[in-house]
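Trainee: Structure supplied as data18.cif; contents: mmCIF, C-alpha atoms.
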```
data_upload
#
loop_
_atom_site.group_PDB
_atom_site.id
_atom_site.type_symbol
_atom_site.label_atom_id
_atom_site.label_comp_id
_atom_site.auth_asym_id
_atom_site.auth_seq_id
_atom_site.Cartn_x
_atom_site.Cartn_y
_atom_site.Cartn_z
ATOM 1 C CA MET A 16 -14.731 25.377 -30.406
ATOM 2 C CA VAL A 17 -16.288 24.579 -33.820
ATOM 3 C CA MET A 18 -13.642 23.964 -36.463
ATOM 4 C CA SER A 19 -14.197 24.391 -40.175
ATOM 5 C CA ALA A 20 -12.729 21.997 -42.696
ATOM 6 C CA SER A 21 -10.019 24.528 -43.534
ATOM 7 C CA ASP A 22 -9.156 24.964 -39.837
ATOM 8 C CA GLU A 23 -9.105 21.322 -38.913
ATOM 9 C CA TRP A 24 -5.691 20.445 -40.323
ATOM 10 C CA TYR A 25 -4.054 23.852 -40.029
ATOM 11 C CA ILE A 26 -1.258 24.245 -37.478
ATOM 12 C CA PRO A 27 0.595 27.601 -37.572
ATOM 13 C CA ALA A 28 4.235 27.261 -38.541
ATOM 14 C CA ASN A 29 5.425 29.043 -35.404
ATOM 15 C CA SER A 30 3.099 27.376 -32.919
ATOM 16 C CA GLY A 31 4.751 25.932 -29.828
ATOM 17 C CA ASN A 32 8.158 27.424 -30.594
ATOM 18 C CA GLY A 33 8.379 29.899 -27.738
ATOM 19 C CA SER A 34 6.961 32.886 -29.643
ATOM 20 C CA VAL A 35 4.102 33.466 -27.203
ATOM 21 C CA SER A 36 4.283 36.709 -25.248
ATOM 22 C CA SER A 37 4.542 37.055 -21.503
ATOM 23 C CA PRO A 38 1.284 38.497 -20.164
ATOM 24 C CA ASP A 39 0.924 42.283 -20.000
ATOM 25 C CA ILE A 40 -1.071 43.577 -17.031
ATOM 26 C CA ASP A 41 -2.877 46.918 -17.066
ATOM 27 C CA ILE A 42 -4.262 48.385 -13.857
ATOM 28 C CA TYR A 43 -7.416 50.477 -13.443
ATOM 29 C CA LYS A 44 -8.891 52.060 -10.343
ATOM 30 C CA VAL A 45 -12.581 51.139 -9.864
ATOM 31 C CA SER A 46 -15.123 51.897 -7.152
ATOM 32 C CA ASN A 47 -14.741 48.559 -5.369
ATOM 33 C CA GLY A 48 -10.980 48.093 -5.664
ATOM 34 C CA VAL A 49 -8.562 47.674 -8.550
ATOM 35 C CA LEU A 50 -9.268 46.086 -11.935
ATOM 36 C CA LEU A 51 -6.415 44.019 -13.391
ATOM 37 C CA ASP A 52 -6.493 43.367 -17.137
ATOM 38 C CA CYS A 53 -4.125 40.689 -18.470
ATOM 39 C CA ALA A 54 -3.392 39.953 -22.139
ATOM 40 C CA SER A 55 -1.030 37.594 -23.967
ATOM 41 C CA ARG A 56 -0.460 36.991 -27.687
ATOM 42 C CA GLY A 57 0.846 34.351 -30.088
ATOM 43 C CA TRP A 58 -0.809 31.164 -28.781
ATOM 44 C CA TYR A 59 -1.818 27.972 -30.552
ATOM 45 C CA PRO A 60 -3.854 26.043 -29.596
ATOM 46 C CA GLU A 61 -6.048 28.359 -27.550
ATOM 47 C CA PRO A 62 -4.738 28.596 -23.939
ATOM 48 C CA GLU A 63 -6.448 29.219 -20.614
ATOM 49 C CA VAL A 64 -5.880 32.210 -18.319
ATOM 50 C CA LEU A 65 -5.664 31.906 -14.535
ATOM 51 C CA TRP A 66 -5.394 34.560 -11.819
ATOM 52 C CA LEU A 67 -3.635 33.733 -8.541
ATOM 53 C CA ASP A 68 -3.167 35.726 -5.354
ATOM 54 C CA GLY A 69 0.068 35.965 -3.379
ATOM 55 C CA GLU A 70 -0.623 32.649 -1.617
ATOM 56 C CA GLY A 71 -1.267 30.829 -4.896
ATOM 57 C CA ASN A 72 -5.054 30.725 -4.472
ATOM 58 C CA LEU A 73 -7.149 30.833 -7.637
ATOM 59 C CA LEU A 74 -9.130 34.062 -8.032
ATOM 60 C CA SER A 75 -12.585 34.251 -9.557
ATOM 61 C CA ALA A 76 -12.164 36.222 -12.788
ATOM 62 C CA GLY A 77 -14.419 37.210 -15.636
ATOM 63 C CA PRO A 78 -14.635 35.086 -18.790
ATOM 64 C CA THR A 79 -11.507 34.883 -20.922
ATOM 65 C CA GLU A 80 -11.779 36.860 -24.156
ATOM 66 C CA THR A 81 -10.201 35.212 -27.202
ATOM 67 C CA VAL A 82 -9.325 36.693 -30.590
ATOM 68 C CA ARG A 83 -7.849 34.638 -33.426
ATOM 69 C CA GLY A 84 -5.700 36.670 -35.789
ATOM 70 C CA PRO A 85 -5.009 36.304 -39.522
ATOM 71 C CA ASP A 86 -1.913 34.269 -38.588
ATOM 72 C CA HIS A 87 -4.268 31.786 -36.849
ATOM 73 C CA LEU A 88 -2.657 32.547 -33.476
ATOM 74 C CA TYR A 89 -4.723 33.437 -30.432
ATOM 75 C CA THR A 90 -4.651 36.551 -28.269
ATOM 76 C CA VAL A 91 -6.311 36.013 -24.904
ATOM 77 C CA SER A 92 -7.266 38.460 -22.184
ATOM 78 C CA SER A 93 -8.877 38.229 -18.770
ATOM 79 C CA ARG A 94 -9.943 40.692 -16.092
ATOM 80 C CA VAL A 95 -10.236 40.377 -12.345
ATOM 81 C CA THR A 96 -11.216 42.898 -9.689
ATOM 82 C CA VAL A 97 -9.226 42.728 -6.467
ATOM 83 C CA GLU A 98 -10.320 44.308 -3.211
ATOM 84 C CA LYS A 99 -8.716 45.331 0.060
ATOM 85 C CA ARG A 100 -9.205 41.872 1.549
ATOM 86 C CA HIS A 101 -6.871 40.368 -1.053
ATOM 87 C CA SER A 102 -3.100 40.284 -0.748
ATOM 88 C CA ASN A 103 -1.181 42.884 -2.749
ATOM 89 C CA SER A 104 0.602 40.293 -4.918
ATOM 90 C CA PHE A 105 -1.045 38.769 -7.984
ATOM 91 C CA THR A 106 -0.106 36.515 -10.882
ATOM 92 C CA CYS A 107 -1.636 36.233 -14.333
ATOM 93 C CA ARG A 108 -0.805 32.780 -15.712
ATOM 94 C CA VAL A 109 -1.484 31.777 -19.304
ATOM 95 C CA GLN A 110 -1.034 28.088 -20.036
ATOM 96 C CA GLN A 111 -1.574 25.568 -22.801
ATOM 97 C CA ARG A 112 -1.591 22.061 -21.388
ATOM 98 C CA THR A 113 -1.401 20.281 -24.764
ATOM 99 C CA THR A 114 1.870 21.968 -25.744
ATOM 100 C CA ASN A 115 3.067 22.277 -22.129
ATOM 101 C CA GLN A 116 3.607 26.028 -22.447
ATOM 102 C CA THR A 117 3.175 28.495 -19.595
ATOM 103 C CA ARG A 118 3.805 32.209 -19.318
ATOM 104 C CA GLU A 119 3.073 34.294 -16.249
ATOM 105 C CA THR A 120 3.559 37.802 -14.928
ATOM 106 C CA HIS A 121 3.669 38.776 -11.250
ATOM 107 C CA ILE A 122 2.736 42.196 -9.903
ATOM 108 C CA HIS A 123 2.682 43.773 -6.483
ATOM 109 C CA LEU A 124 0.248 46.594 -5.802
ATOM 110 C CA SER A 125 1.735 48.911 -3.247
ATOM 111 C CA GLY A 126 -0.228 50.552 -0.492
ATOM 112 C CA SER A 127 2.872 51.849 1.258
ATOM 113 C CA VAL A 128 4.392 54.407 -1.095
ATOM 114 C CA SER A 129 6.673 56.904 0.621
ATOM 115 C CA SER A 130 6.160 60.637 0.796
ATOM 116 C CA PRO A 131 8.798 62.389 -1.311
ATOM 117 C CA ASP A 132 12.117 63.281 0.331
ATOM 118 C CA ILE A 133 13.695 66.541 -0.866
ATOM 119 C CA ASP A 134 17.429 67.215 -0.662
ATOM 120 C CA ILE A 135 18.821 70.715 -1.251
ATOM 121 C CA TYR A 136 22.135 71.582 -2.937
ATOM 122 C CA LYS A 137 23.729 74.965 -3.674
ATOM 123 C CA VAL A 138 24.757 75.359 -7.312
ATOM 124 C CA SER A 139 26.229 78.244 -9.279
ATOM 125 C CA ASN A 140 22.904 79.443 -10.690
ATOM 126 C CA GLY A 141 20.681 78.923 -7.636
ATOM 127 C CA VAL A 142 19.587 75.882 -5.649
ATOM 128 C CA LEU A 143 19.181 72.312 -6.856
ATOM 129 C CA LEU A 144 16.233 70.414 -5.370
ATOM 130 C CA ASP A 145 16.389 66.619 -5.557
ATOM 131 C CA CYS A 146 13.148 64.713 -4.845
ATOM 132 C CA ALA A 147 12.811 60.929 -4.392
ATOM 133 C CA SER A 148 9.947 58.582 -3.503
ATOM 134 C CA ARG A 149 9.814 54.778 -3.137
ATOM 135 C CA GLY A 150 7.387 51.870 -3.243
ATOM 136 C CA TRP A 151 5.352 52.640 -6.375
ATOM 137 C CA TYR A 152 3.523 50.384 -8.818
ATOM 138 C CA PRO A 153 2.806 51.090 -11.606
ATOM 139 C CA GLU A 154 5.503 53.631 -12.388
ATOM 140 C CA PRO A 155 4.371 57.144 -11.336
ATOM 141 C CA GLU A 156 5.154 60.605 -12.662
ATOM 142 C CA VAL A 157 6.945 63.376 -10.750
ATOM 143 C CA LEU A 158 5.914 67.030 -10.947
ATOM 144 C CA TRP A 159 7.496 70.169 -9.496
ATOM 145 C CA LEU A 160 5.307 73.169 -8.613
ATOM 146 C CA ASP A 161 6.148 76.638 -7.365
ATOM 147 C CA GLY A 162 4.323 78.482 -4.591
ATOM 148 C CA GLU A 163 1.601 79.614 -7.011
ATOM 149 C CA GLY A 164 0.986 76.109 -8.309
ATOM 150 C CA ASN A 165 2.777 76.657 -11.601
ATOM 151 C CA LEU A 166 4.538 73.682 -13.149
ATOM 152 C CA LEU A 167 8.332 73.972 -13.159
ATOM 153 C CA SER A 168 10.557 72.652 -15.915
ATOM 154 C CA ALA A 169 12.572 69.813 -14.378
ATOM 155 C CA GLY A 170 15.071 67.297 -15.626
ATOM 156 C CA PRO A 171 13.968 63.820 -16.734
ATOM 157 C CA THR A 172 12.586 61.537 -14.041
ATOM 158 C CA GLU A 173 14.966 58.740 -13.058
ATOM 159 C CA THR A 174 13.335 55.383 -12.400
ATOM 160 C CA VAL A 175 14.712 52.271 -10.699
ATOM 161 C CA ARG A 176 12.711 49.043 -10.368
ATOM 162 C CA GLY A 177 13.703 46.941 -7.367
ATOM 163 C CA PRO A 178 13.660 43.166 -6.843
ATOM 164 C CA ASP A 179 10.183 43.570 -5.306
ATOM 165 C CA HIS A 180 9.027 45.039 -8.685
ATOM 166 C CA LEU A 181 8.298 48.392 -7.033
ATOM 167 C CA TYR A 182 9.570 51.656 -8.481
ATOM 168 C CA THR A 183 11.748 54.330 -6.890
ATOM 169 C CA VAL A 184 11.549 57.630 -8.768
ATOM 170 C CA SER A 185 13.603 60.793 -8.459
ATOM 171 C CA SER A 186 13.608 64.175 -10.152
ATOM 172 C CA ARG A 187 15.743 67.304 -9.944
ATOM 173 C CA VAL A 188 14.973 70.937 -10.585
ATOM 174 C CA THR A 189 17.117 74.051 -10.281
ATOM 175 C CA VAL A 190 15.379 77.119 -8.848
ATOM 176 C CA GLU A 191 16.662 80.652 -9.277
ATOM 177 C CA LYS A 192 16.076 84.101 -7.817
ATOM 178 C CA ARG A 193 13.072 84.718 -10.019
ATOM 179 C CA HIS A 194 11.168 81.783 -8.470
ATOM 180 C CA SER A 195 9.159 81.978 -5.270
ATOM 181 C CA ASN A 196 10.685 80.410 -2.172
ATOM 182 C CA SER A 197 7.969 77.733 -1.812
ATOM 183 C CA PHE A 198 8.089 74.507 -3.814
ATOM 184 C CA THR A 199 6.212 71.227 -4.023
ATOM 185 C CA CYS A 200 7.390 67.838 -5.278
ATOM 186 C CA ARG A 201 4.334 65.814 -6.274
ATOM 187 C CA VAL A 202 4.482 62.113 -7.171
ATOM 188 C CA GLN A 203 1.304 60.700 -8.660
ATOM 189 C CA GLN A 204 -0.022 57.560 -10.291
ATOM 190 C CA ARG A 205 -3.214 58.361 -12.197
ATOM 191 C CA THR A 206 -4.219 54.748 -12.820
ATOM 192 C CA THR A 207 -4.387 53.851 -9.127
ATOM 193 C CA ASN A 208 -5.358 57.392 -8.069
ATOM 194 C CA GLN A 209 -2.413 57.721 -5.652
ATOM 195 C CA THR A 210 -0.651 60.999 -4.905
ATOM 196 C CA ARG A 211 2.083 61.935 -2.445
ATOM 197 C CA GLU A 212 3.648 65.369 -2.170
ATOM 198 C CA THR A 213 6.103 67.301 -0.016
ATOM 199 C CA HIS A 214 6.177 71.094 0.363
ATOM 200 C CA ILE A 215 9.255 73.093 1.310
ATOM 201 C CA HIS A 216 9.975 76.763 1.918
ATOM 202 C CA LEU A 217 13.497 78.013 1.423
ATOM 203 C CA SER A 218 14.465 81.130 3.365
ATOM 204 C CA GLY A 219 16.526 83.753 1.596
ATOM 205 C CA ARG A 220 19.470 82.912 3.794
ATOM 206 C CA LYS A 221 19.321 79.212 2.928
ATOM 207 C CA MET A 222 19.137 79.977 -0.772
ATOM 208 C CA ILE A 223 22.273 82.100 -0.490
ATOM 209 C CA PHE A 224 21.323 84.314 -3.389
ATOM 210 C CA GLU A 225 23.158 87.314 -2.148
#
```
Before we go any further, please render this structure as structure tokens.
Mentor:
Amino acid sequence: MVMSASDEWYIPANSGNGSVSSPDIDIYKVSNGVLLDCASRGWYPEPEVLWLDGEGNLLSAGPTETVRGPDHLYTVSSRVTVEKRHSNSFTCRVQQRTTNQTRETHIHLSGSVSSPDIDIYKVSNGVLLDCASRGWYPEPEVLWLDGEGNLLSAGPTETVRGPDHLYTVSSRVTVEKRHSNSFTCRVQQRTTNQTRETHIHLSGRKMIFE
């Protein structure tokens, strides 16, 4: 790095004091696997970025991109494409050896998400359908559809992140007489292009609308 005279003796006031951010990892589906994009902010001096697989092996990543802000602190980012042959666990590590600072973020890409389970409950105004699915990363969205493919208005999705960093999501919807008897709970993650859905058909007797 070429330093100007004004840069040479400048050390940011908050350098080395723990203000650096833990890496953020974004995930993109690409033709040959999954692209992981890692970024971290607030560094001085400029750090290095490493990618590791689940066994701690160094991955071959693209060149680190560095931006120095008006506060003289560095934001760094790095991308790596992982394929089926890799493990599903990855770490982005950002480190500055001079100041002995390290930040890292671990992720686990799931290939074993569960199909949604639907539980059925009788309520005063119809039937309550409760849908749950496990093993997701990143966090997915949950949609309810009727028999004609129309989107139903459901309650807010509940999300729980487990110790394995994978998400379990659940959503509830109440269906009434005016709805069809066929319903679909669809769980999807657009970034990784994963979708799981379960269809059910409730007979008039089960719905107990009489």
Trainee: Find the distance between atom CA of Arg176 of chain A and atom CA of Asp134 of chain A and write it in Å to one decimal.
Mentor: 21.1 Å
Trainee: List the residues selected by the PyMOL selection byres ((chain A and resi 59-66) around 7) in the file shown, writing them as a ChimeraX atom specification.
Mentor: /A:30-31,57-58,67-68,73-74,79,88-89,93,106-111
Trainee: Distance atom CA of Ser129 of chain A-atom CA of Arg211 of chain A, one decimal place?
Mentor: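 A separation of 7.5 Å between them.
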Trainee: Nearest to Val190 of chain A among A:Tyr136, A:Ala147, A:Tyr152, A:His214, with distances taken over all atoms listed in the file: which residue is it?
Mentor: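 Ranked by minimum distance to Val190 of chain A, first place goes to A:Tyr136.
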Trainee: Atom CA of Thr213 of chain A and atom CA of Thr199 of chain A, how far apart in Å?
Mentor: 5.6 Å
Trainee: Quick one: apply the PyMOL selection byres ((chain A and resi 52) around 10) to the file and drop the selected residues here as a list in words.
Mentor: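 So the PyMOL selection byres ((chain A and resi 52) around 10), applied here, picks out Pro38, Asp39, Ile40, Asp41, Ile42, Tyr43, Val49, Leu50, Leu51, Cys53, Ala54, Ser92, Ser93, Arg94, Val95, Thr96 and Cys107 of chain A.
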Trainee: Could you please take those selected residues and save C-alpha atoms as an mmCIF file, in the coordinates of the input?
Mentor:
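selection05.cif was written with the following content:
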```
data_model
loop_
_atom_site.group_PDB
_atom_site.id
_atom_site.type_symbol
_atom_site.label_atom_id
_atom_site.label_comp_id
_atom_site.auth_asym_id
_atom_site.auth_seq_id
_atom_site.Cartn_x
_atom_site.Cartn_y
_atom_site.Cartn_z
ATOM 1 C CA PRO A 38 1.284 38.497 -20.164
ATOM 2 C CA ASP A 39 0.924 42.283 -20.000
ATOM 3 C CA ILE A 40 -1.071 43.577 -17.031
ATOM 4 C CA ASP A 41 -2.877 46.918 -17.066
ATOM 5 C CA ILE A 42 -4.262 48.385 -13.857
ATOM 6 C CA TYR A 43 -7.416 50.477 -13.443
ATOM 7 C CA VAL A 49 -8.562 47.674 -8.550
ATOM 8 C CA LEU A 50 -9.268 46.086 -11.935
ATOM 9 C CA LEU A 51 -6.415 44.019 -13.391
ATOM 10 C CA CYS A 53 -4.125 40.689 -18.470
ATOM 11 C CA ALA A 54 -3.392 39.953 -22.139
ATOM 12 C CA SER A 92 -7.266 38.460 -22.184
ATOM 13 C CA SER A 93 -8.877 38.229 -18.770
ATOM 14 C CA ARG A 94 -9.943 40.692 -16.092
ATOM 15 C CA VAL A 95 -10.236 40.377 -12.345
ATOM 16 C CA THR A 96 -11.216 42.898 -9.689
ATOM 17 C CA CYS A 107 -1.636 36.233 -14.333
#
```
Trainee: To test your reading of the syntax: which residues would the PyMOL selection byres ((chain A and resi 47) around 9) return for the file shown? Reply as a PDB file with C-alpha atoms, in the frame of the given file.
Mentor:
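Below is the file that was written, result.pdb:
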```
ATOM      1  CA  LYS A  44      -8.891  52.060 -10.343  1.00  0.00           C
ATOM      2  CA  VAL A  45     -12.581  51.139  -9.864  1.00  0.00           C
ATOM      3  CA  SER A  46     -15.123  51.897  -7.152  1.00  0.00           C
ATOM      4  CA  GLY A  48     -10.980  48.093  -5.664  1.00  0.00           C
ATOM      5  CA  VAL A  49      -8.562  47.674  -8.550  1.00  0.00           C
ATOM      6  CA  LEU A  50      -9.268  46.086 -11.935  1.00  0.00           C
ATOM      7  CA  THR A  96     -11.216  42.898  -9.689  1.00  0.00           C
ATOM      8  CA  VAL A  97      -9.226  42.728  -6.467  1.00  0.00           C
ATOM      9  CA  GLU A  98     -10.320  44.308  -3.211  1.00  0.00           C
ATOM     10  CA  LYS A  99      -8.716  45.331   0.060  1.00  0.00           C
TER      11      LYS A  99
END
```
